[in-house]
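Report on the structure given below.
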Amino acid sequence: MELKVIGQPEDESANKGCSASSCGSSDDQLTHLPEDIQQKVYNHPCYSEEAHHYFARMHVAVAPACNIQCHYCNRKYDCANESRPGVVSEVLTPNQAVKKTMAVAANIPQMSVLGIAGPGDPLANPDRTFATFRMLSEQTPDIKLCVSTNGLALPDAVEELSKHNIDHVTITINCVDPEVGAKIYPWIFWNNKRIKGKKGAKILIEQQQKGLEMLVAKGILVKVNSVMIPGINDEHLQEVSRIVKSKGAFLHNVMPLIAEEEHGTFYGVMGQRGPNAAELQTLQDSCSGDMNMMRHCRQCRADAVGLLGEDRGDEFTMDKIEAMEIDYEAAMEKRAKIHSAIEAELNLKQSKSKDSSVADMVTGEKSRPVLMAVATTGGGIINQHFGHAKEFLVYETSGNGVRFIGHRKADQYCSGNQTCGDGETVLSQTIRSLEGCEAVLCSKIGYEPWQLLEEAGIIPNGEHAMEPIEDAIFAVYMEMRSEGKLKMLDSGFSSQAIA
Amino acid sequence: MALTIIEGCVNCWACVPVCPSEAIYEAQPHFLINARKCTECEGDHALPQCASICPIEGVILNAVGEAINPPGSLTGIPPERMAEVMAELQSH
């Protein structure tokens, strides 16, 4: 399968970045893909950037066991305040998981996808994982099923996966070189033995690659996740991207390492740092010449519920679900209506974006690229108060259009900063998270953050409320240019992004 | 002759399906090994399976009460570094 290079500056005319309807170039992304793949991803929030504004997903935590150890994971940890992969509040039985899925799908009609992602490895718990899939494919046939895995047990599971009509699989592949792997995976459990170091990593890598090839041969869409670990696999990930693309992976999601002492992970305790936003963007950009990159991942929990970027898991604990009275038939009908309404809206936006003039966003001369942050609740417009934003979407613009780069968390993944933080206020944390951005666009902003943003060299801007994101960004960029702010070439953050 | 699971086990289920003797069972606050069923995998495997897949150091003991996976052996975190970090976190 030949993958198109998507949303990249290679073809300047196609590089308008995002349409008025989305936070990225996903309209372009999808229309470049074969029709059958478009049909598979248009409503999957983790596979389509566009879909993630409209469709919701959930993970059910039925898979506690794991067959490997990763240095970024601590199997002991459970914190309700934390949002990161591998963290859950309660492990469910397959029956409980089905009940929860049906309850959530009845209450959140935007729900389109059910995933099993842990807290261990789903395929190291094949009985629990497949029992859940079997029941769901009968009871909620309209919900897409997907699974993510470390890949060790994948080759043995491909046949079973294809039986359950699971057409999305995510494999976490952090390396293709056992030397690198030995620094990430201290051991694997394989053929009745714990195998440590390079030998274990080599087996894991072989199984991952074999599993990837087998899935592609079955026509199952594969997304590859990689954790970027500075000094360990950061440079190596470009090679990973090239190889997985050549084997037919559809999307590559490079995520930043999350490592804090209090997580008790090897990397956290040993002081391994995660990448900063600039390093992550640089790597994603350098992989993107070869591969379709995912940039809207929120690194959610293994029991996350709702739209990406929100977690409504608290509303659906097992005791609350037991108390709910649900008409499942009616819920499925309602879901079908909501889904087709969203689909119609997406189609309309797509046809509009084809008509909109790319030339309007091209100045003709190339000047310094600039990063800007946007506060939005979705729908592609600037519609959120600065102080209400839990995250900011980051866009890059130059004389040649606007493109989505990623998101920055405003209140960090751990919201319990009063108990475990260092006393830094949420506001100053937020401003620090916007490092590298030169402007922040929102519907409104208070006096205090205005002042602090200015002191940090970030222009606050509330003048484009309710306007389409990229129109507003382009307007602000043109203002900056007329003020002579774009003359010198910035040596730091954004200069390499479009180069 | 049997292994035991002690406090610290996180109930992750990894050991249950790999036990050839079906000796491990779910219990609160943590999983337990039925001493009458446990064979330490003798005759089935070279090494006890539960202790070969368990991700938590120090929670599976051999017949004489020693940890099969002592501190540092699985995570690679030197115990003294772990102690240092724990002390630092508790002082906050």
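Chain labels follow the order of the structure tokens: the first chain is A, the next B, and so on; residue numbering restarts at 1 in every chain, and ligands are counted from 1 in their shown order.
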
Please identify all polymer residues within 10 Å of Lys337 in chain A, counting only C-alpha atoms, omitting same-chain residues fewer than 6 positions from it, and present them as a tab-separated table (two decimals) with C-alpha atoms, in the first residue's frame.
```
chain	number	residue	atom	x	y	z
A	109	PRO	CA	-24.41	9.24	21.37
A	110	GLN	CA	-21.28	10.59	19.65
A	331	ALA	CA	-30.13	4.52	22.41
A	343	GLU	CA	-21.35	12.62	8.83
```

Chain A residues near chain B within 7 Å, closest pair each, using only C-alpha atoms, as a tab-separated table:
```
residue	atom	partner	partner_atom	distance
A:Pro64	CA	B:Cys12	CA	5.0
A:Ala65	CA	B:Ala14	CA	4.3
A:Cys66	CA	B:Ala14	CA	6.2
A:Asn67	CA	B:Ile53	CA	6.8
A:Lys76	CA	B:Val10	CA	6.1
A:Pro186	CA	B:Thr75	CA	6.8
A:Phe189	CA	B:Ile53	CA	5.8
A:Asn192	CA	B:Gln49	CA	6.5
A:Lys193	CA	B:Ser52	CA	6.0
A:Arg194	CA	B:Ser52	CA	5.2
A:Phe266	CA	B:Ile77	CA	5.9
A:Val269	CA	B:Val85	CA	6.8
```

Dump of C-alpha atoms for the selected residues, as a CSV table (one decimal), in the first residue's frame:
```
chain,number,residue,atom,x,y,z
A,64,PRO,CA,-4.5,-6.1,33.5
A,65,ALA,CA,-1.7,-8.6,32.7
A,66,CYS,CA,1.3,-7.7,30.8
A,67,ASN,CA,4.0,-9.8,29.2
A,76,LYS,CA,1.7,-0.4,40.7
A,186,PRO,CA,14.3,-4.5,30.7
A,189,PHE,CA,8.1,-13.0,29.2
A,192,ASN,CA,7.9,-19.7,29.7
A,193,LYS,CA,11.0,-17.6,30.6
A,194,ARG,CA,11.8,-14.0,31.6
A,266,PHE,CA,12.5,3.6,35.8
A,269,VAL,CA,13.2,7.7,39.2
```

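Put simply, CA of Thr172 in chain A is 24.3 Å away from CA of Thr93 in chain A.
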
Handout entry: DSSP helix (DSSP H, G or I) residues within range 73-163 of chain A, as a ChimeraX atom specification
Key = /A:94-107,122-124,126-139,154-163

Handout entry: Shortest interatomic distance to Trp450 in chain A - which of A:Leu427, A:Cys175, A:Val169, A:Ala106, counting only C-alpha atoms
Key =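 Closest candidate: A:Leu427.
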
Handout entry: Nearest to Gln139 in chain A, chosen from A:Leu123, A:Leu371, A:Ala103, A:Leu452, with only C-alpha atoms counted in the distances
Key =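 The closest residue to Gln139 in chain A is A:Ala103.
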
Handout entry: Interatomic distance (Å, one decimal) between CA of Ala131 in chain A and CA of His164 in chain A
Key =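 Separating CA of Ala131 in chain A from CA of His164 in chain A is a distance of 10.3 Å.
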
Exercise for the section: For Pro20 in chain B, please output as a list in words all residues within 8 Å (counting only C-alpha atoms; exclusion window: fewer than 3 positions along the same chain). Expected result: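 Close residues of Pro20 in chain B: Pro17, Ala23, Cys41 and Asp44 of chain B.
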
Practice task
Output as number ranges by chain all residues of range 177-425 of chain A that backbone DSSP marks as strand (DSSP E).
Solution key: A: 187-190, 193-196, 221-228, 251-256, 305-306, 370-374, 391-398, 401-409

Practice task
Do a neighbour search on Ala373 in chain A at 6 Å with only C-alpha atoms, toss out local chain neighbours closer than 4 positions, and write the hits as a list in words.
Solution key: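 Once the nearby chain positions are removed, what remains is Phe392, Leu393, Val394 and Val440 of chain A.
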
Exercise for the section: Rounded to one decimal place, report the CA of Leu154 in chain A-CA of Ile205 in chain A distance in Å. Expected result: 11.3 Å

Handout entry: Near-Ala2 in chain B list (9 Å; only C-alpha atoms; drop same-chain fewer than 5 positions) as a list in words
Key =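 That gives Ile33, Asn34, Ala35, Arg36, Lys37, Cys38, Thr39, Glu40, Leu61, Asn62 and Ala63 of chain B.
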
Just write the chosen residues, C-alpha atoms, as a PDB file, in the first residue's frame.
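Written output follows (again.pdb):
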```pdb
ATOM      1  CA  ILE B  33      -1.232 -19.362  45.996  1.00  0.00           C
ATOM      2  CA  ASN B  34      -2.863 -22.584  47.161  1.00  0.00           C
ATOM      3  CA  ALA B  35       0.077 -24.306  48.843  1.00  0.00           C
ATOM      4  CA  ARG B  36      -1.446 -27.747  48.318  1.00  0.00           C
ATOM      5  CA  LYS B  37      -1.609 -27.260  44.559  1.00  0.00           C
ATOM      6  CA  CYS B  38       1.664 -25.357  43.972  1.00  0.00           C
ATOM      7  CA  THR B  39       4.480 -27.542  42.651  1.00  0.00           C
ATOM      8  CA  GLU B  40       6.922 -24.660  42.073  1.00  0.00           C
ATOM      9  CA  LEU B  61       8.642 -15.818  47.927  1.00  0.00           C
ATOM     10  CA  ASN B  62      10.230 -19.225  47.556  1.00  0.00           C
ATOM     11  CA  ALA B  63       9.713 -22.095  49.971  1.00  0.00           C
TER      12      ALA B  63
END
```

Practice task
For Leu114 in chain A, list every protein, DNA or RNA residue within 6 Å, evaluated using only C-alpha atoms, and leave out those in the same chain fewer than 5 positions away; present the list as a PyMOL selection string.
Solution key: chain A and resi 57-59+145

Exercise for the section: For Pro70 in chain B, please output as a ChimeraX atom specification all residues within 6 Å (counting only C-alpha atoms; exclusion window: fewer than 2 positions along the same chain). Expected result: /B:57-58,67,73

Please dump the current selection as a compact mmCIF listing (two decimals), in the first residue's frame; keep N, CA and C atoms.
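Printed below is selection.txt as written:
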```txt
# COMPACT_ATOMS: atom_id res chain seq x y z
N GLU B 57 8.61 -6.46 42.20
CA GLU B 57 9.73 -7.05 42.94
C GLU B 57 9.32 -7.40 44.37
N GLY B 58 9.83 -8.53 44.83
CA GLY B 58 9.70 -8.87 46.24
C GLY B 58 8.38 -9.48 46.68
N ALA B 67 12.65 -13.60 48.61
CA ALA B 67 12.06 -13.01 47.41
C ALA B 67 12.76 -13.58 46.17
N SER B 73 15.78 -6.07 40.72
CA SER B 73 16.03 -7.12 39.73
C SER B 73 15.12 -7.01 38.49
```
